[in-house]
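Colleague: So here's target25.cif (mmCIF, C-alpha atoms).
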data_model
loop_
_atom_site.label_atom_id
_atom_site.label_comp_id
_atom_site.auth_asym_id
_atom_site.auth_seq_id
_atom_site.Cartn_x
_atom_site.Cartn_y
_atom_site.Cartn_z
CA MET A 1 -66.31 -54.69 1.88
CA ASN A 2 -68.13 -55.40 5.14
CA GLU A 3 -69.12 -58.91 4.10
CA LEU A 4 -71.02 -57.69 1.01
CA ASN A 5 -70.95 -59.79 -2.10
CA ILE A 6 -69.00 -57.71 -4.64
CA ALA A 7 -71.47 -58.61 -7.39
CA ARG A 8 -74.24 -56.98 -5.35
CA VAL A 9 -72.59 -53.55 -5.33
CA LEU A 10 -71.73 -53.39 -9.04
CA PRO A 11 -73.85 -51.17 -11.32
CA VAL A 12 -75.96 -53.97 -12.78
CA ALA A 13 -79.22 -53.49 -14.63
CA GLU A 14 -81.69 -55.65 -12.73
CA ILE A 15 -82.84 -58.48 -14.94
CA GLY A 16 -84.33 -61.43 -13.16
CA GLY A 17 -81.37 -62.66 -11.12
CA SER A 18 -78.63 -60.91 -13.10
CA VAL A 19 -76.68 -60.21 -9.89
CA ASP A 20 -76.67 -63.90 -9.08
CA ARG A 21 -75.74 -64.72 -12.67
CA LEU A 22 -72.83 -62.29 -12.51
CA ALA A 23 -71.63 -63.92 -9.29
CA ILE A 24 -71.84 -67.34 -10.94
CA LEU A 25 -69.98 -66.05 -14.02
CA PHE A 26 -67.28 -64.66 -11.76
CA ASP A 27 -66.92 -67.92 -9.82
CA ASP A 28 -66.89 -70.05 -12.98
CA HIS A 29 -64.59 -68.02 -15.20
CA TYR A 30 -62.39 -65.77 -13.06
CA ASP A 31 -59.38 -68.11 -12.86
CA ARG A 32 -59.30 -68.77 -16.60
CA LEU A 33 -59.69 -65.08 -17.46
CA TYR A 34 -57.00 -64.07 -14.98
CA ARG A 35 -54.52 -66.58 -16.44
CA LEU A 36 -55.19 -65.27 -19.94
CA ALA A 37 -54.99 -61.65 -18.80
CA ARG A 38 -51.72 -62.37 -17.00
CA ARG A 39 -50.26 -63.67 -20.25
CA LEU A 40 -51.46 -60.60 -22.16
CA THR A 41 -50.15 -58.02 -19.69
CA ALA A 42 -46.78 -57.23 -18.18
CA SER A 43 -47.85 -57.23 -14.52
CA ALA A 44 -50.27 -58.93 -12.17
CA ASP A 45 -51.91 -55.59 -11.36
CA ASP A 46 -52.59 -54.93 -15.05
CA ALA A 47 -54.08 -58.42 -15.36
CA LEU A 48 -56.37 -57.82 -12.39
CA ASP A 49 -57.49 -54.52 -13.91
CA LEU A 50 -58.18 -56.22 -17.23
CA VAL A 51 -60.29 -58.94 -15.63
CA GLN A 52 -62.13 -56.32 -13.57
CA GLU A 53 -62.97 -54.33 -16.70
CA THR A 54 -64.21 -57.51 -18.34
CA PHE A 55 -66.60 -58.27 -15.50
CA LEU A 56 -67.71 -54.64 -15.36
CA LYS A 57 -68.66 -54.91 -19.03
CA ALA A 58 -70.57 -58.10 -18.19
CA ALA A 59 -72.33 -56.26 -15.35
CA ARG A 60 -73.31 -53.38 -17.63
CA TYR A 61 -74.59 -55.57 -20.46
CA PRO A 62 -75.97 -58.74 -18.86
CA ARG A 63 -78.42 -59.38 -21.71
CA SER A 64 -75.60 -59.72 -24.24
CA ILE A 65 -74.00 -62.66 -22.40
CA PRO A 66 -75.01 -65.94 -24.05
CA VAL A 67 -76.28 -68.84 -21.97
CA GLY A 68 -74.13 -71.94 -21.57
CA PHE A 69 -70.73 -72.42 -19.99
CA ALA A 70 -68.72 -72.53 -23.24
CA SER A 71 -70.62 -69.61 -24.77
CA GLU A 72 -70.23 -67.51 -21.64
CA GLU A 73 -66.51 -68.20 -21.53
CA ALA A 74 -66.11 -67.39 -25.23
CA TRP A 75 -67.99 -64.10 -24.75
CA LEU A 76 -65.89 -63.15 -21.72
CA VAL A 77 -62.62 -64.03 -23.50
CA ARG A 78 -63.64 -61.94 -26.52
CA VAL A 79 -64.48 -59.00 -24.26
CA LEU A 80 -61.17 -59.33 -22.41
CA ILE A 81 -59.20 -59.47 -25.65
CA ASN A 82 -61.10 -56.52 -27.11
CA ILE A 83 -60.42 -54.44 -24.01
CA ARG A 84 -56.72 -55.35 -24.16
CA ARG A 85 -56.64 -54.59 -27.90
CA ASP A 86 -58.00 -51.12 -27.17
CA GLN A 87 -55.31 -50.64 -24.52
CA TRP A 88 -52.58 -51.68 -26.98
CA ARG A 89 -53.93 -49.26 -29.58
CA ARG A 90 -53.97 -46.38 -27.09
CA THR A 91 -50.41 -47.20 -25.99
CA LEU A 92 -49.17 -47.45 -29.56
CA ARG A 93 -50.87 -44.18 -30.48
CA ARG A 94 -49.26 -42.50 -27.44
CA LYS A 95 -45.82 -43.94 -28.31
CA ARG A 96 -46.13 -42.77 -31.90
CA PHE A 97 -47.12 -39.31 -30.76
CA GLU A 98 -44.25 -39.12 -28.25
CA ALA A 99 -41.81 -40.42 -30.88
CA SER A 100 -42.96 -37.86 -33.43
CA GLU A 101 -42.73 -35.08 -30.84
CA SER A 102 -39.22 -36.03 -29.78
CA GLY A 103 -38.03 -37.18 -33.21
CA LYS A 104 -36.88 -40.53 -31.79
CA SER A 105 -37.41 -44.05 -33.06
CA LEU A 106 -39.88 -46.34 -31.30
CA ALA A 107 -37.30 -49.10 -30.82
CA ALA A 108 -35.64 -48.88 -27.43
CA PRO A 109 -32.20 -50.40 -27.04
CA ALA A 110 -31.92 -53.40 -24.75
CA ASN A 111 -30.29 -52.75 -21.38
CA GLY A 112 -26.98 -54.64 -21.39
CA ASP A 113 -26.64 -54.56 -17.57
CA LEU A 114 -29.39 -57.10 -16.94
CA GLU A 115 -28.89 -60.82 -16.62
CA GLY A 116 -29.56 -63.03 -19.63
CA ALA A 117 -32.89 -64.32 -18.42
CA LEU A 118 -34.25 -60.85 -17.82
CA ILE A 119 -33.04 -59.70 -21.22
CA ALA A 120 -34.67 -62.67 -22.90
CA ARG A 121 -37.98 -62.11 -21.10
CA THR A 122 -37.97 -58.40 -21.89
CA SER A 123 -37.18 -59.12 -25.53
CA VAL A 124 -40.04 -61.57 -25.80
CA TRP A 125 -42.48 -59.09 -24.23
CA LYS A 126 -41.29 -56.35 -26.59
CA ALA A 127 -41.66 -58.69 -29.55
CA LEU A 128 -45.15 -59.68 -28.43
CA ASP A 129 -46.06 -56.00 -28.08
CA GLU A 130 -45.19 -55.49 -31.74
CA LEU A 131 -47.77 -58.04 -32.88
CA SER A 132 -51.25 -56.90 -33.79
CA PRO A 133 -53.73 -57.40 -30.92
CA ARG A 134 -55.55 -60.36 -32.48
CA ARG A 135 -52.32 -62.04 -33.54
CA ARG A 136 -50.80 -61.56 -30.09
CA ALA A 137 -53.90 -63.01 -28.43
CA ILE A 138 -53.78 -66.07 -30.69
CA VAL A 139 -50.06 -66.64 -30.13
CA VAL A 140 -50.47 -66.25 -26.37
CA MET A 141 -53.46 -68.61 -26.22
CA ARG A 142 -51.70 -71.25 -28.34
CA GLU A 143 -48.09 -71.04 -27.14
CA LEU A 144 -48.47 -69.93 -23.53
CA GLU A 145 -51.95 -71.15 -22.58
CA GLY A 146 -51.67 -74.37 -24.62
CA LEU A 147 -55.13 -74.08 -26.18
CA SER A 148 -55.90 -76.06 -29.31
CA ILE A 149 -56.59 -74.33 -32.61
CA PRO A 150 -60.29 -75.35 -32.59
CA ALA A 151 -60.65 -73.99 -29.04
CA ILE A 152 -59.08 -70.66 -30.01
CA ALA A 153 -61.29 -70.44 -33.09
CA SER A 154 -64.35 -71.10 -30.96
CA LEU A 155 -63.37 -68.56 -28.31
CA LEU A 156 -62.65 -65.82 -30.82
CA GLY A 157 -65.50 -66.66 -33.17
CA ILE A 158 -63.24 -67.09 -36.21
CA SER A 159 -62.38 -70.02 -38.46
CA GLN A 160 -59.59 -72.49 -37.69
CA ILE A 161 -57.85 -71.49 -40.92
CA THR A 162 -57.77 -67.87 -39.75
CA VAL A 163 -56.30 -68.98 -36.40
CA ARG A 164 -53.61 -71.01 -38.19
CA TRP A 165 -52.80 -68.08 -40.47
CA HIS A 166 -52.48 -65.62 -37.57
CA LEU A 167 -50.41 -68.16 -35.63
CA SER A 168 -48.06 -68.67 -38.56
CA MET A 169 -47.71 -64.94 -39.23
CA GLY A 170 -47.30 -64.24 -35.51
CA ARG A 171 -44.48 -66.74 -35.20
CA ARG A 172 -42.72 -65.22 -38.22
CA GLU A 173 -43.12 -61.70 -36.85
CA LEU A 174 -41.84 -62.82 -33.44
CA THR A 175 -38.80 -64.42 -35.05
CA THR A 176 -38.05 -61.25 -37.00
CA ALA A 177 -38.57 -59.02 -33.95
CA LEU A 178 -36.41 -61.22 -31.73
CA LYS A 179 -33.62 -61.25 -34.31
CA ALA A 180 -33.79 -57.45 -34.39
CA PHE A 181 -33.50 -57.29 -30.59
CA THR A 182 -30.46 -59.58 -30.55
CA GLU A 183 -28.71 -57.51 -33.23
CA GLU A 184 -29.06 -54.27 -31.24
#
Take the structure in this file and express it as structure tokens.
Modeller:
Amino acid sequence: MNELNIARVLPVAEIGGSVDRLAILFDDHYDRLYRLARRLTASADDALDLVQETFLKAARYPRSIPVGFASEEAWLVRVLINIRRDQWRRTLRRKRFEASESGKSLAAPANGDLEGALIARTSVWKALDELSPRRRAIVVMRELEGLSIPAIASLLGISQITVRWHLSMGRRELTTALKAFTEE
């Protein structure tokens, strides 16, 4: 953009250096947020959009961002997950509406023409989509990102017991969903 710093053109409420703080937040946390977003979405473009929406929220509400690297990261991760949760809810609502309008079931049959690896990946994504937003985020952070249970609890602002419970339930639901996909 003609050598302009992107943080300087965002709609940011001016609070003593908030543009500079946003630029620092972006530099410090972009890679981590993108990796998490990539695991929560089906495409790289969707992940980029998700991260962009997260930083736009940070730009709009700079006073709500806590100070400190770990606190900032936890706040940004929570915002990213909440935005993705809202997207999942909208998608599910739309699918339910379309299914009720057409009288069809929500479960789509697997395409038998694809290679095994593609079928497996598609099945896992479908199974992950069936998890509740919080449960999916916890499973993704633990199983795909490799975060520890205390780290997930800290990032989401919930207890470790709650993380373990969601992880256990998420694994069970994934197993059930994957079995259903293989039986189709």
Colleague: Can you list what the PyMOL selection byres ((chain A and resi 65) around 12) grabs from this structure, as a ChimeraX atom specification?
Modeller: /A:18,21-22,25,54-55,57-64,66-79
Colleague: Using all atoms listed in the file, list the residues that have an atom at most 10 Å from (-55.8, -76.5, -35.6), coordinates as in the file, as a ChimeraX atom specification.
Modeller: /A:142,147-153,159-164,167
Colleague: Write the selection just made, keeping C-alpha atoms, as a compact mmCIF listing (two decimals), keeping the file's coordinate frame?
Modeller:
# COMPACT_ATOMS: atom_id res chain seq x y z
CA ARG A 142 -51.70 -71.25 -28.34
CA LEU A 147 -55.13 -74.08 -26.18
CA SER A 148 -55.90 -76.06 -29.31
CA ILE A 149 -56.59 -74.33 -32.61
CA PRO A 150 -60.29 -75.35 -32.59
CA ALA A 151 -60.65 -73.99 -29.04
CA ILE A 152 -59.08 -70.66 -30.01
CA ALA A 153 -61.29 -70.44 -33.09
CA SER A 159 -62.38 -70.02 -38.46
CA GLN A 160 -59.59 -72.49 -37.69
CA ILE A 161 -57.85 -71.49 -40.92
CA THR A 162 -57.77 -67.87 -39.75
CA VAL A 163 -56.30 -68.98 -36.40
CA ARG A 164 -53.61 -71.01 -38.19
CA LEU A 167 -50.41 -68.16 -35.63
Colleague: Could you tell me, as a PDB file with C-alpha atoms, in the coordinates of the input, exactly which residues end up selected when the PyMOL selection byres ((chain A and resi 80) around 12) is applied to this structure?
Modeller:
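Just written: out_20.pdb:
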ATOM      1  CA  HIS A  29     -64.590 -68.020 -15.200  1.00  0.00           C
ATOM      2  CA  TYR A  30     -62.390 -65.770 -13.060  1.00  0.00           C
ATOM      3  CA  ARG A  32     -59.300 -68.770 -16.600  1.00  0.00           C
ATOM      4  CA  LEU A  33     -59.690 -65.080 -17.460  1.00  0.00           C
ATOM      5  CA  TYR A  34     -57.000 -64.070 -14.980  1.00  0.00           C
ATOM      6  CA  ARG A  35     -54.520 -66.580 -16.440  1.00  0.00           C
ATOM      7  CA  LEU A  36     -55.190 -65.270 -19.940  1.00  0.00           C
ATOM      8  CA  ALA A  37     -54.990 -61.650 -18.800  1.00  0.00           C
ATOM      9  CA  ARG A  38     -51.720 -62.370 -17.000  1.00  0.00           C
ATOM     10  CA  ARG A  39     -50.260 -63.670 -20.250  1.00  0.00           C
ATOM     11  CA  LEU A  40     -51.460 -60.600 -22.160  1.00  0.00           C
ATOM     12  CA  THR A  41     -50.150 -58.020 -19.690  1.00  0.00           C
ATOM     13  CA  ALA A  47     -54.080 -58.420 -15.360  1.00  0.00           C
ATOM     14  CA  LEU A  48     -56.370 -57.820 -12.390  1.00  0.00           C
ATOM     15  CA  ASP A  49     -57.490 -54.520 -13.910  1.00  0.00           C
ATOM     16  CA  LEU A  50     -58.180 -56.220 -17.230  1.00  0.00           C
ATOM     17  CA  VAL A  51     -60.290 -58.940 -15.630  1.00  0.00           C
ATOM     18  CA  GLN A  52     -62.130 -56.320 -13.570  1.00  0.00           C
ATOM     19  CA  GLU A  53     -62.970 -54.330 -16.700  1.00  0.00           C
ATOM     20  CA  THR A  54     -64.210 -57.510 -18.340  1.00  0.00           C
ATOM     21  CA  PHE A  55     -66.600 -58.270 -15.500  1.00  0.00           C
ATOM     22  CA  LEU A  56     -67.710 -54.640 -15.360  1.00  0.00           C
ATOM     23  CA  LYS A  57     -68.660 -54.910 -19.030  1.00  0.00           C
ATOM     24  CA  ALA A  58     -70.570 -58.100 -18.190  1.00  0.00           C
ATOM     25  CA  GLU A  73     -66.510 -68.200 -21.530  1.00  0.00           C
ATOM     26  CA  ALA A  74     -66.110 -67.390 -25.230  1.00  0.00           C
ATOM     27  CA  TRP A  75     -67.990 -64.100 -24.750  1.00  0.00           C
ATOM     28  CA  LEU A  76     -65.890 -63.150 -21.720  1.00  0.00           C
ATOM     29  CA  VAL A  77     -62.620 -64.030 -23.500  1.00  0.00           C
ATOM     30  CA  ARG A  78     -63.640 -61.940 -26.520  1.00  0.00           C
ATOM     31  CA  VAL A  79     -64.480 -59.000 -24.260  1.00  0.00           C
ATOM     32  CA  ILE A  81     -59.200 -59.470 -25.650  1.00  0.00           C
ATOM     33  CA  ASN A  82     -61.100 -56.520 -27.110  1.00  0.00           C
ATOM     34  CA  ILE A  83     -60.420 -54.440 -24.010  1.00  0.00           C
ATOM     35  CA  ARG A  84     -56.720 -55.350 -24.160  1.00  0.00           C
ATOM     36  CA  ARG A  85     -56.640 -54.590 -27.900  1.00  0.00           C
ATOM     37  CA  ASP A  86     -58.000 -51.120 -27.170  1.00  0.00           C
ATOM     38  CA  GLN A  87     -55.310 -50.640 -24.520  1.00  0.00           C
ATOM     39  CA  PRO A 133     -53.730 -57.400 -30.920  1.00  0.00           C
ATOM     40  CA  ARG A 134     -55.550 -60.360 -32.480  1.00  0.00           C
ATOM     41  CA  ALA A 137     -53.900 -63.010 -28.430  1.00  0.00           C
ATOM     42  CA  LEU A 155     -63.370 -68.560 -28.310  1.00  0.00           C
ATOM     43  CA  LEU A 156     -62.650 -65.820 -30.820  1.00  0.00           C
TER      44      LEU A 156
END
Colleague: Do you have the CA of Val140 (chain A)-CA of Thr122 (chain A) distance handy?
Modeller: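 Going from CA of Val140 (chain A) over to CA of Thr122 (chain A) covers 15.4 Å.
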Colleague: At what distance in Å, to one decimal, does CA of Asp129 (chain A) lie from CA of Arg89 (chain A)?
Modeller: 10.5 Å
Colleague: In Å, how far is it from CA of Val139 (chain A) to CA of Gly170 (chain A)?
Modeller: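 Going from CA of Val139 (chain A) over to CA of Gly170 (chain A), I get 6.5 Å.
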Colleague: For region 29-44 of chain A, I'd like the enclosing box, axis-aligned and padded by 8 Å on every side, reported as lines of an AutoDock Vina configuration file with centre and edge lengths in Å to one decimal.
Modeller:
center_x = -55.7
center_y = -63.0
center_z = -17.2
size_x = 33.8
size_y = 27.5
size_z = 26.0
Colleague: Choose the residue, out of A:Asp20, A:Glu173, A:Asp45, A:Asp27, that has the smallest atom-to-atom separation from Ala127 (chain A); count only C-alpha atoms.
Modeller: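 Selected residue with least distance to Ala127 (chain A): A:Glu173.
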Colleague: In terms of the shortest atom-to-atom distance over only C-alpha atoms, which of A:Ser132, A:Ala23, A:Val124, A:Ser168 is closest to Leu92 (chain A)?
Modeller: A:Ser132
Colleague: Can you list what the PyMOL selection byres ((chain A and resi 178) around 10) grabs from this structure, as JSON, numbers by chain?
Modeller: {"A": [120, 123, 124, 125, 126, 127, 128, 172, 173, 174, 175, 176, 177, 179, 180, 181, 182, 183]}
